[in-house]
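Structure below is query-v1.tsv: TSV, C-alpha atoms and all ligand atoms.
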```tsv
chain	number	residue	atom	x	y	z
Z	1	MET	CA	-19.90	-9.97	-16.03
Z	2	ALA	CA	-16.18	-9.35	-16.43
Z	3	ASN	CA	-13.92	-9.31	-13.39
Z	4	VAL	CA	-12.36	-5.99	-12.40
Z	5	CYS	CA	-9.02	-5.26	-10.76
Z	6	VAL	CA	-8.62	-1.82	-9.20
Z	7	ILE	CA	-5.07	-0.54	-8.69
Z	8	THR	CA	-4.58	2.58	-6.56
Z	9	GLY	CA	-1.28	4.23	-7.41
Z	10	GLY	CA	-1.63	2.41	-10.73
Z	11	GLY	CA	-0.12	5.23	-12.76
Z	12	SER	CA	3.47	4.46	-11.81
Z	13	GLY	CA	5.98	2.28	-9.99
Z	14	MET	CA	4.85	-0.95	-8.40
Z	15	GLY	CA	1.15	-0.36	-9.13
Z	16	LEU	CA	1.80	-0.09	-12.87
Z	17	GLU	CA	4.18	-3.07	-12.87
Z	18	THR	CA	1.60	-5.17	-11.03
Z	19	ALA	CA	-1.02	-4.32	-13.66
Z	20	ARG	CA	1.18	-5.90	-16.35
Z	21	HIS	CA	0.79	-9.31	-14.69
Z	22	ILE	CA	-2.97	-9.23	-14.16
Z	23	PRO	CA	-4.71	-11.65	-16.59
Z	24	LYS	CA	-5.83	-9.89	-19.78
Z	25	ASP	CA	-9.48	-10.92	-19.46
Z	26	VAL	CA	-9.70	-8.83	-16.27
Z	27	ILE	CA	-10.67	-5.16	-16.64
Z	28	LEU	CA	-8.08	-2.88	-15.06
Z	29	VAL	CA	-9.09	0.32	-13.28
Z	30	LEU	CA	-6.08	2.52	-12.58
Z	31	THR	CA	-6.35	5.38	-10.16
Z	32	GLY	CA	-4.23	8.08	-8.57
Z	33	ARG	CA	-4.32	11.87	-8.39
Z	34	THR	CA	-2.47	12.74	-11.63
Z	35	VAL	CA	-4.53	12.13	-14.76
Z	36	SER	CA	-1.53	12.41	-17.14
Z	37	LYS	CA	0.26	9.60	-15.28
Z	38	LEU	CA	-2.84	7.41	-15.48
Z	39	GLU	CA	-3.26	8.09	-19.21
Z	40	HIS	CA	0.38	7.21	-19.85
Z	41	ALA	CA	0.04	3.95	-17.91
Z	42	LYS	CA	-3.17	3.14	-19.81
Z	43	GLU	CA	-1.34	3.56	-23.14
Z	44	ILE	CA	1.44	1.20	-22.04
Z	45	LEU	CA	-0.98	-1.46	-20.79
Z	46	GLU	CA	-3.35	-1.24	-23.76
Z	47	ALA	CA	-0.39	-1.73	-26.09
Z	48	GLU	CA	0.26	-4.96	-24.18
Z	49	GLY	CA	-3.34	-6.13	-24.69
Z	50	HIS	CA	-5.06	-5.10	-21.43
Z	51	ARG	CA	-8.50	-3.46	-21.13
Z	52	VAL	CA	-7.91	-0.34	-19.06
Z	53	TYR	CA	-10.03	2.39	-17.51
Z	54	THR	CA	-8.70	5.31	-15.51
Z	55	THR	CA	-10.28	7.62	-12.99
Z	56	ALA	CA	-8.72	10.17	-10.65
Z	57	CYS	CA	-9.06	9.62	-6.92
Z	58	ASP	CA	-7.33	10.86	-3.80
Z	59	VAL	CA	-7.43	7.89	-1.44
Z	60	SER	CA	-7.27	10.15	1.62
Z	61	VAL	CA	-10.74	11.49	0.68
Z	62	ARG	CA	-13.45	8.97	1.60
Z	63	ARG	CA	-15.93	10.38	-0.94
Z	64	ASP	CA	-13.37	9.93	-3.76
Z	65	VAL	CA	-12.87	6.30	-2.78
Z	66	HIS	CA	-16.61	5.75	-2.66
Z	67	GLU	CA	-16.91	7.13	-6.19
Z	68	LEU	CA	-14.03	4.96	-7.31
Z	69	CYS	CA	-15.96	1.93	-6.04
Z	70	LEU	CA	-19.10	2.96	-7.94
Z	71	PHE	CA	-17.03	3.49	-11.11
Z	72	ALA	CA	-15.37	0.06	-10.83
Z	73	ALA	CA	-18.61	-1.73	-9.87
Z	74	GLY	CA	-20.23	-0.24	-12.97
Z	75	LEU	CA	-17.69	-2.08	-15.14
Z	76	GLY	CA	-18.05	-5.58	-13.69
Z	77	THR	CA	-17.38	-7.67	-10.57
Z	78	ILE	CA	-14.67	-6.17	-8.38
Z	79	LYS	CA	-12.45	-9.18	-7.62
Z	80	THR	CA	-9.08	-7.61	-6.89
Z	81	VAL	CA	-7.90	-4.42	-5.23
Z	82	ILE	CA	-4.20	-3.63	-5.24
Z	83	HIS	CA	-3.79	-0.65	-2.95
Z	84	ALA	CA	-0.37	0.72	-3.89
Z	85	ALA	CA	-1.06	4.47	-3.47
Z	86	GLY	CA	1.23	6.02	-0.90
Z	87	LEU	CA	3.68	8.75	-0.02
Z	88	SER	CA	7.24	8.44	1.30
Z	89	PRO	CA	8.83	10.66	3.98
Z	90	THR	CA	10.28	13.11	1.43
Z	91	MET	CA	6.89	13.61	-0.26
Z	92	GLY	CA	4.90	15.45	2.40
Z	93	ASP	CA	4.64	16.60	5.99
Z	94	ALA	CA	3.71	14.20	8.78
Z	95	GLU	CA	-0.01	14.91	8.57
Z	96	LYS	CA	-0.18	14.41	4.80
Z	97	ILE	CA	1.69	11.12	5.11
Z	98	ILE	CA	-0.69	9.88	7.79
Z	99	MET	CA	-3.72	10.98	5.75
Z	100	VAL	CA	-2.61	9.25	2.54
Z	101	ASN	CA	-0.93	6.11	3.89
Z	102	ALA	CA	-3.04	5.31	6.95
Z	103	VAL	CA	-6.42	7.02	6.42
Z	104	GLY	CA	-6.18	6.16	2.70
Z	105	THR	CA	-5.82	2.45	3.51
Z	106	LYS	CA	-8.73	2.59	5.92
Z	107	ASN	CA	-10.85	4.31	3.25
Z	108	VAL	CA	-9.92	1.80	0.55
Z	109	ASN	CA	-10.55	-1.32	2.63
Z	110	MET	CA	-13.77	-0.06	4.24
Z	111	GLU	CA	-15.31	1.16	0.98
Z	112	PHE	CA	-14.32	-1.78	-1.20
Z	113	PHE	CA	-15.52	-4.24	1.43
Z	114	LYS	CA	-19.06	-3.04	0.65
Z	115	TYR	CA	-18.69	-3.77	-3.07
Z	116	MET	CA	-16.75	-7.04	-2.98
Z	117	ASN	CA	-17.95	-10.58	-2.49
Z	118	ASP	CA	-16.78	-14.16	-2.15
Z	119	GLY	CA	-13.44	-14.73	-3.91
Z	120	GLY	CA	-12.35	-11.10	-3.67
Z	121	VAL	CA	-8.86	-10.09	-2.60
Z	122	ILE	CA	-7.39	-6.86	-1.24
Z	123	VAL	CA	-3.60	-6.45	-1.26
Z	124	ASP	CA	-2.46	-3.44	0.80
Z	125	ILE	CA	1.08	-2.23	0.14
Z	126	ALA	CA	2.85	-1.39	3.41
Z	127	SER	CA	6.65	-1.08	3.82
Z	128	SER	CA	9.52	-2.88	5.53
Z	129	SER	CA	9.76	0.34	7.62
Z	130	ALA	CA	6.66	-0.88	9.44
Z	131	TYR	CA	8.91	-3.29	11.33
Z	132	ALA	CA	10.90	-0.38	12.80
Z	133	ALA	CA	7.89	1.05	14.64
Z	134	PRO	CA	7.43	0.20	18.34
Z	135	ASP	CA	4.91	-2.56	18.98
Z	136	ILE	CA	3.25	-1.12	22.07
Z	137	LEU	CA	-0.29	-1.16	23.35
Z	138	ALA	CA	-0.65	2.65	23.24
Z	139	ILE	CA	-0.07	2.63	19.48
Z	140	ARG	CA	-2.49	-0.21	18.88
Z	141	GLN	CA	-5.09	1.74	20.86
Z	142	ILE	CA	-4.57	4.65	18.45
Z	143	PHE	CA	-4.94	2.29	15.47
Z	144	ASP	CA	-8.31	1.20	16.88
Z	145	GLU	CA	-9.63	4.75	16.42
Z	146	ALA	CA	-9.06	4.81	12.64
Z	147	GLU	CA	-12.38	3.45	11.43
Z	148	TYR	CA	-14.86	5.47	13.42
Z	149	GLN	CA	-12.89	8.28	15.08
Z	150	GLU	CA	-10.80	9.52	12.17
Z	151	GLU	CA	-10.05	12.99	13.57
Z	152	LYS	CA	-8.84	11.57	16.89
Z	153	PHE	CA	-6.82	8.92	15.04
Z	154	VAL	CA	-5.00	11.49	12.92
Z	155	LYS	CA	-4.38	13.76	15.92
Z	156	HIS	CA	-2.97	10.90	18.01
Z	157	MET	CA	-0.85	9.50	15.16
Z	158	LEU	CA	0.53	13.00	14.60
Z	159	GLY	CA	1.21	13.33	18.33
Z	160	GLU	CA	3.29	10.10	18.25
Z	161	ALA	CA	5.13	11.16	15.10
Z	162	THR	CA	6.14	14.53	16.52
Z	163	LEU	CA	7.20	13.41	19.99
Z	164	PRO	CA	10.38	15.22	21.13
Z	165	PRO	CA	13.32	14.95	20.72
Z	166	GLY	CA	12.78	13.69	17.19
Z	167	GLU	CA	10.43	16.34	15.77
Z	168	GLU	CA	12.66	17.03	12.80
Z	169	ASN	CA	12.18	13.39	11.77
Z	170	ALA	CA	8.38	13.67	12.01
Z	171	PRO	CA	7.68	12.76	8.33
Z	172	GLY	CA	9.97	9.72	8.69
Z	173	PHE	CA	8.28	8.58	11.88
Z	174	ALA	CA	4.83	9.33	10.46
Z	175	TYR	CA	5.74	7.10	7.50
Z	176	THR	CA	6.91	4.25	9.74
Z	177	LEU	CA	3.82	4.51	11.93
Z	178	SER	CA	1.44	4.81	8.98
Z	179	LYS	CA	2.91	1.69	7.35
Z	180	LYS	CA	2.76	-0.19	10.67
Z	181	PHE	CA	-0.92	0.74	10.64
Z	182	VAL	CA	-1.29	-0.70	7.12
Z	183	VAL	CA	0.17	-4.05	8.26
Z	184	TRP	CA	-2.04	-4.11	11.37
Z	185	TYR	CA	-5.17	-2.98	9.55
Z	186	ALA	CA	-4.79	-5.51	6.73
Z	187	GLN	CA	-4.60	-8.25	9.38
Z	188	LYS	CA	-7.68	-6.91	11.19
Z	189	CYS	CA	-9.60	-6.73	7.90
Z	190	ALA	CA	-8.45	-10.22	6.91
Z	191	HIS	CA	-10.14	-11.66	9.98
Z	192	GLU	CA	-13.26	-9.51	9.68
Z	193	TYR	CA	-13.76	-9.85	5.92
Z	194	ALA	CA	-13.17	-13.63	5.82
Z	195	GLY	CA	-16.85	-14.19	6.68
Z	196	LYS	CA	-17.73	-12.58	3.36
Z	197	GLY	CA	-15.10	-14.66	1.52
Z	198	ILE	CA	-12.72	-11.73	0.99
Z	199	ARG	CA	-9.00	-12.37	1.42
Z	200	VAL	CA	-6.80	-9.52	2.73
Z	201	VAL	CA	-3.02	-9.53	2.83
Z	202	SER	CA	-0.35	-6.84	3.07
Z	203	VAL	CA	2.98	-6.67	1.29
Z	204	SER	CA	5.98	-4.86	2.75
Z	205	PRO	CA	8.57	-3.94	0.14
Z	206	GLY	CA	12.12	-3.02	1.10
Z	207	LEU	CA	13.87	-0.40	-1.03
Z	208	ILE	CA	12.54	-0.56	-4.57
Z	209	GLU	CA	13.88	1.35	-7.56
Z	210	THR	CA	10.91	3.56	-8.34
Z	211	ASP	CA	10.87	7.38	-8.36
Z	212	MET	CA	9.86	7.15	-4.72
Z	213	GLY	CA	12.54	4.62	-3.71
Z	214	SER	CA	15.32	6.51	-5.48
Z	215	ARG	CA	14.36	9.75	-3.67
Z	216	GLU	CA	14.66	7.95	-0.35
Z	217	VAL	CA	18.12	6.59	-1.14
Z	218	GLU	CA	19.32	10.10	-1.97
Z	219	ALA	CA	17.82	11.54	1.20
Z	220	TRP	CA	18.72	9.03	3.91
Z	221	ASP	CA	21.96	7.35	4.96
Z	222	TYR	CA	20.07	4.43	6.52
Z	223	ALA	CA	18.72	3.61	3.03
Z	224	LYS	CA	22.27	3.04	1.77
Z	225	GLU	CA	22.89	0.78	4.76
Z	226	MET	CA	19.70	-1.15	3.95
Z	227	ILE	CA	20.95	-1.79	0.42
Z	228	GLU	CA	24.28	-2.97	1.79
Z	229	ASN	CA	22.43	-5.46	4.03
Z	230	THR	CA	20.54	-7.12	1.16
Z	231	CYS	CA	21.86	-10.42	-0.24
Z	232	GLU	CA	22.84	-8.85	-3.57
Z	233	HIS	CA	23.59	-5.33	-2.27
Z	234	ARG	CA	20.97	-3.76	-4.51
Z	235	MET	CA	17.50	-2.25	-4.54
Z	236	GLY	CA	14.61	-4.32	-5.80
Z	237	THR	CA	13.06	-3.40	-9.13
Z	238	ALA	CA	9.45	-2.36	-9.70
Z	239	ALA	CA	9.19	-5.20	-12.22
Z	240	GLU	CA	10.20	-7.79	-9.60
Z	241	MET	CA	7.68	-6.37	-7.15
Z	242	GLY	CA	4.93	-6.17	-9.76
Z	243	PHE	CA	5.29	-9.87	-10.50
Z	244	THR	CA	5.28	-10.81	-6.81
Z	245	ILE	CA	2.31	-8.61	-5.92
Z	246	ALA	CA	0.25	-9.97	-8.84
Z	247	MET	CA	1.17	-13.50	-7.80
Z	248	ILE	CA	0.06	-12.80	-4.21
Z	249	ALA	CA	-3.25	-11.43	-5.56
Z	250	ASP	CA	-3.90	-14.63	-7.56
Z	251	GLU	CA	-6.95	-16.45	-6.21
Z	252	ARG	CA	-5.05	-19.73	-5.96
Z	253	ASN	CA	-3.29	-18.29	-2.86
Z	254	GLY	CA	-6.30	-19.09	-0.68
Z	255	TYR	CA	-4.29	-19.63	2.51
Z	256	LEU	CA	-2.17	-16.48	2.14
Z	257	ARG	CA	-4.19	-14.09	4.28
Z	258	GLY	CA	-4.08	-12.19	7.56
Z	259	ILE	CA	-0.32	-11.84	7.33
Z	260	ASP	CA	2.29	-9.44	5.95
Z	261	VAL	CA	4.63	-10.58	3.19
Z	262	LEU	CA	8.02	-8.93	3.67
Z	263	ILE	CA	9.97	-8.61	0.40
Z	264	ASP	CA	13.22	-6.81	1.11
Z	265	GLY	CA	15.95	-8.78	-0.67
Z	266	GLY	CA	17.23	-9.98	2.70
Z	267	ALA	CA	17.86	-6.48	4.14
Z	268	SER	CA	16.24	-7.37	7.46
Z	269	THR	CA	18.34	-10.51	7.93
Z	270	GLY	CA	21.59	-9.23	6.44
Z	271	LYS	CA	23.25	-7.70	9.49
Z	272	GLN	CA	23.73	-11.02	11.28
Z	273	PHE	CA	25.48	-12.58	8.26
Z	274	LYS	CA	27.66	-9.61	7.31
Z	275	LYS	CA	31.37	-10.50	7.02
Z	276	LYS	CA	33.43	-8.76	9.74
D	1	LIG	N1	9.78	2.41	-3.56
D	1	LIG	C1	10.07	1.97	-2.37
D	1	LIG	O1	11.26	1.84	-2.01
D	1	LIG	C2	8.98	1.58	-1.41
D	1	LIG	C3	9.35	0.90	-0.24
D	1	LIG	C4	8.37	0.50	0.64
D	1	LIG	C5	7.04	0.76	0.38
D	1	LIG	N2	6.71	1.45	-0.73
D	1	LIG	C6	5.27	1.69	-0.96
D	1	LIG	O2	4.90	1.10	-2.19
D	1	LIG	C7	3.77	1.79	-2.75
D	1	LIG	C8	4.05	2.11	-4.21
D	1	LIG	O3	5.12	3.03	-4.28
D	1	LIG	P1	6.11	3.15	-5.54
D	1	LIG	O4	7.48	2.93	-5.01
D	1	LIG	O5	5.61	2.34	-6.64
D	1	LIG	O6	6.06	4.71	-5.82
D	1	LIG	P2	5.25	5.59	-6.87
D	1	LIG	O7	5.60	5.24	-8.24
D	1	LIG	O8	5.44	7.00	-6.39
D	1	LIG	O9	3.74	5.14	-6.61
D	1	LIG	C9	2.91	5.70	-5.68
D	1	LIG	C10	1.61	6.05	-6.38
D	1	LIG	O10	0.67	6.51	-5.40
D	1	LIG	C11	-0.08	7.55	-5.99
D	1	LIG	N3	-0.59	8.39	-4.92
D	1	LIG	C12	0.10	9.14	-4.04
D	1	LIG	N4	-0.73	9.78	-3.21
D	1	LIG	C13	-1.99	9.42	-3.57
D	1	LIG	C14	-3.27	9.75	-3.10
D	1	LIG	N5	-3.46	10.61	-2.08
D	1	LIG	N6	-4.35	9.19	-3.70
D	1	LIG	C15	-4.19	8.34	-4.75
D	1	LIG	N7	-3.00	8.00	-5.26
D	1	LIG	C16	-1.90	8.53	-4.65
D	1	LIG	C17	0.89	8.30	-6.89
D	1	LIG	O11	0.22	8.95	-7.97
D	1	LIG	P3	-0.24	10.48	-7.85
D	1	LIG	O12	0.91	11.23	-7.27
D	1	LIG	O13	-0.58	10.85	-9.24
D	1	LIG	O14	-1.43	10.47	-6.95
D	1	LIG	C18	1.75	7.16	-7.43
D	1	LIG	O15	1.27	6.68	-8.66
D	1	LIG	C19	3.56	3.01	-1.85
D	1	LIG	O16	2.52	2.76	-0.96
D	1	LIG	C20	4.87	3.13	-1.10
D	1	LIG	O17	4.73	3.77	0.16
D	1	LIG	C21	7.63	1.87	-1.63
```
Please express the file's structure as structure tokens.
Ligand SMILES: NC(=O)c1ccc[n+]([C@@H]2O[C@H](COP(=O)([O-])OP(=O)(O)OC[C@H]3O[C@@H](n4cnc5c(N)ncnc54)[C@H](OP(=O)(O)O)[C@@H]3O)[C@@H](O)[C@H]2O)c1
Amino acid sequence: MANVCVITGGGSGMGLETARHIPKDVILVLTGRTVSKLEHAKEILEAEGHRVYTTACDVSVRRDVHELCLFAAGLGTIKTVIHAAGLSPTMGDAEKIIMVNAVGTKNVNMEFFKYMNDGGVIVDIASSSAYAAPDILAIRQIFDEAEYQEEKFVKHMLGEATLPPGEENAPGFAYTLSKKFVVWYAQKCAHEYAGKGIRVVSVSPGLIETDMGSREVEAWDYAKEMIENTCEHRMGTAAEMGFTIAMIADERNGYLRGIDVLIDGGASTGKQFKKK
């Protein structure tokens, strides 16, 4: 049976660029909500010699993710899941962002766990914003609700994101919280799934030049400051991230698990070395 790599958010940006570096004997399954984007990505990848299937799926809908698993399992052995689907603060209200980024990650990991076996790897794409969220017990208690008390989880996440006086920044805070959840949840899954031989790791990109990243730079002053704090005073490219994510997914990285890989061009360390 052929090996299968599923890429959520595979129709664009980092998901598509990651697909380019997956070995050509692996069947690619690209998914997202927009069929035209998936078809376009399939054309690009097939021209480069990949075997590609596409299927639409909204990761915030558990049933969709379940059907995605069945589709992928019908093609071969699911070895790799790159979960790159996500929304940024300018792409939805706080609830939508929590549903797609946090609930979506829970859905993807929980469903694929059932269909993956020894040697499998799940790479969840978080964000460097995750590091800006408070690391307090109350929030971790909310995270604990995600798997089996989804309604409560969403309500409590939303409550945190809309706390006064910052309500107008609710989508931004929902994003930060949802990505902190991705980092935390990938670590939890890494420890729980290890018994089945499945490796789980998260990746936190800084500002990356995709449609999403460019929207954020236009919308927020702090994004310009982040770029200034990087070593080369620039955004990362989707191509750079695609290479790194594919490399992290490679099975030879057996000890890279249960941890977040922060890839931000030095933005998080830049302030202390800035020339006065
Ligand atoms: N670019 C940055 O600066 C940056 C920084 C940190 C983290 N990230 C994260 O990196 C990941 C990839 O983002 P990107 O920059 O490559 O942007 P992108 O090109 O917009 O990719 C995001 C993909 O997610 C898909 N998607 C969105 N909502 C979905 C849903 N409910 N179900 C299934 N697919 C969905 C989108 O396709 P459809 O709209 O067709 O569904 C799109 O293909 C995201 O998780 C993002 O939060 C990005």
Return as AutoDock Vina command-line options the centre and edge lengths, in Å with one decimal, of the box along x, y and z that encloses every atom of ligand LIG 1 (chain D) in the file, padded by 5 Å per side.
```
--center_x 3.5 --center_y 5.9 --center_z -4.3 --size_x 25.6 --size_y 20.7 --size_z 19.9
```
As a quick test: using all atoms listed in the file, which residues lie no more than 7 Å away from ligand LIG 1 (chain D)? Give them as a ChimeraX atom specification. /Z:8-15,31-35,37,57-60,84-88,100-101,125-128,204-213,238
Nearest candidate to Z:Lys179 (options Z:Thr237, Z:Gln149, Z:Ser202, Z:Asn253; using all atoms listed in the file):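 Selected residue with least distance to Z:Lys179: Z:Ser202.
Near stretch 151-153 of chain Z, within 9 Å and counting all atoms listed in the file, sit Val103, Ile142, Phe143, Asp144 and Glu145 of chain Z, not including residues fewer than 6 positions from it in the same chain.
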Hey, what's within 8 Å of stretch 117-119 of chain Z if we count all atoms listed in the file and toss same-chain stuff fewer than 6 positions away? As a PyMOL selection string, please? chain Z and resi 79+196-199+251
Between Z:Asn109, Z:Thr90, Z:Thr230, Z:Thr176, which residue has the minimum interatomic distance to Z:Arg62, considering all atoms listed in the file?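 Using all atoms listed in the file, Z:Arg62 sits closest to Z:Asn109.
Atom CA of Z:Gly242 sits 4.5 Å away from atom CA of Z:Glu17.
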Here is a test: counting all atoms listed in the file, which residue of Z:Ile98, Z:Glu168, Z:Lys188, Z:Gln272 is nearest to Z:Lys155?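 Closest candidate: Z:Ile98.
Of the residues under consideration (Z:Pro89, Z:Ala138, Z:Lys114, Z:Val4), Z:Pro89 shows the shortest atom-to-atom contact distance to Z:Phe173 when counting all atoms listed in the file.
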Separation of atom CA of Z:Ala174 and atom CA of Z:Asp135, in Å?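 Atom CA of Z:Ala174 sits 14.6 Å away from atom CA of Z:Asp135.
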Return the single residue from Z:Ile82, Z:Ile122, Z:Leu163, Z:Ala146 that is closest to Z:Arg257, with distances computed using only C-alpha atoms.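 Checking each of Z:Ile82, Z:Ile122, Z:Leu163, Z:Ala146 against Z:Arg257, counting only C-alpha atoms, the winner is Z:Ile122.
Atom pair atom CA of Z:Gly159 / atom CA of Z:Ala94: separated by 9.9 Å.
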Among listed residues Z:Tyr193, Z:Tyr53, Z:Tyr131, Z:Tyr185, nearest Z:Met116 (using only C-alpha atoms):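 Counting only C-alpha atoms, the residue closest to Z:Met116 is Z:Tyr193.
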Test item: residues at most 10 Å from Z:Phe273, only C-alpha atoms, excluding those fewer than 3 positions along its chain, as a PDB file with C-alpha atoms, in the coordinates of the input:
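File result-v3.pdb, as written:
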```pdb
ATOM      1  CA  ASN Z 229      22.430  -5.460   4.030  1.00  0.00           C
ATOM      2  CA  CYS Z 231      21.860 -10.420  -0.240  1.00  0.00           C
ATOM      3  CA  THR Z 269      18.340 -10.510   7.930  1.00  0.00           C
ATOM      4  CA  GLY Z 270      21.590  -9.230   6.440  1.00  0.00           C
ATOM      5  CA  LYS Z 276      33.430  -8.760   9.740  1.00  0.00           C
TER       6      LYS Z 276
END
```
Could you list as a list in words every residue that has an atom within 7 Å of (-8.2, 14.1, 7.7), using the file's coordinates and counting only C-alpha atoms?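 Nearby residues: Met99, Glu150, Glu151 and Val154 of chain Z.
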For a cutoff of 10 Å around the file-coordinate point (-12.2, -5.6, -13.3), which residues qualify once you count only C-alpha atoms? I'd like the result as a PyMOL selection string. chain Z and resi 1-7+22+25-29+51-53+72-81
With all atoms listed in the file as the counted atoms, please give the residues lying no more than 7 Å from Z:Gln187, apart from itself and same-chain residues fewer than 4 positions off, as number ranges by chain. Z: 183, 191, 201, 258-259
Output stretch 30-44 of chain Z with N, CA, C and O atoms present, as a short mmCIF file (atom, residue, chain, number, x, y, z; two decimals), in the coordinates of the input.
```cif
data_model
loop_
_atom_site.label_atom_id
_atom_site.label_comp_id
_atom_site.auth_asym_id
_atom_site.auth_seq_id
_atom_site.Cartn_x
_atom_site.Cartn_y
_atom_site.Cartn_z
N LEU Z 30 -7.24 1.88 -13.19
CA LEU Z 30 -6.08 2.52 -12.58
C LEU Z 30 -6.51 3.84 -11.97
O LEU Z 30 -7.25 4.61 -12.59
N THR Z 31 -6.00 4.10 -10.77
CA THR Z 31 -6.35 5.38 -10.16
C THR Z 31 -5.17 5.98 -9.42
O THR Z 31 -4.22 5.29 -9.06
N GLY Z 32 -5.26 7.28 -9.23
CA GLY Z 32 -4.23 8.08 -8.57
C GLY Z 32 -4.70 9.52 -8.70
O GLY Z 32 -5.82 9.76 -9.18
N ARG Z 33 -3.84 10.48 -8.32
CA ARG Z 33 -4.32 11.87 -8.39
C ARG Z 33 -4.01 12.52 -9.74
O ARG Z 33 -4.68 13.44 -10.17
N THR Z 34 -2.95 12.02 -10.43
CA THR Z 34 -2.47 12.74 -11.63
C THR Z 34 -2.97 12.05 -12.89
O THR Z 34 -2.52 10.94 -13.24
N VAL Z 35 -3.89 12.75 -13.59
CA VAL Z 35 -4.53 12.13 -14.76
C VAL Z 35 -3.50 11.79 -15.85
O VAL Z 35 -3.58 10.72 -16.47
N SER Z 36 -2.50 12.67 -16.06
CA SER Z 36 -1.53 12.41 -17.14
C SER Z 36 -0.76 11.11 -16.89
O SER Z 36 -0.48 10.34 -17.82
N LYS Z 37 -0.45 10.84 -15.62
CA LYS Z 37 0.26 9.60 -15.28
C LYS Z 37 -0.62 8.38 -15.58
O LYS Z 37 -0.16 7.36 -16.11
N LEU Z 38 -1.90 8.52 -15.26
CA LEU Z 38 -2.84 7.41 -15.48
C LEU Z 38 -3.00 7.15 -16.98
O LEU Z 38 -3.03 5.99 -17.42
N GLU Z 39 -3.08 8.24 -17.76
CA GLU Z 39 -3.26 8.09 -19.21
C GLU Z 39 -2.03 7.42 -19.83
O GLU Z 39 -2.14 6.58 -20.73
N HIS Z 40 -0.86 7.81 -19.34
CA HIS Z 40 0.38 7.21 -19.85
C HIS Z 40 0.43 5.70 -19.54
O HIS Z 40 0.75 4.88 -20.41
N ALA Z 41 0.05 5.37 -18.31
CA ALA Z 41 0.04 3.95 -17.91
C ALA Z 41 -0.97 3.17 -18.75
O ALA Z 41 -0.72 2.04 -19.18
N LYS Z 42 -2.12 3.80 -19.00
CA LYS Z 42 -3.17 3.14 -19.81
C LYS Z 42 -2.63 2.81 -21.21
O LYS Z 42 -2.83 1.70 -21.71
N GLU Z 43 -1.92 3.78 -21.80
CA GLU Z 43 -1.34 3.56 -23.14
C GLU Z 43 -0.40 2.35 -23.14
O GLU Z 43 -0.47 1.49 -24.02
N ILE Z 44 0.46 2.31 -22.13
CA ILE Z 44 1.44 1.20 -22.04
C ILE Z 44 0.70 -0.14 -21.94
O ILE Z 44 0.99 -1.10 -22.65
#
```
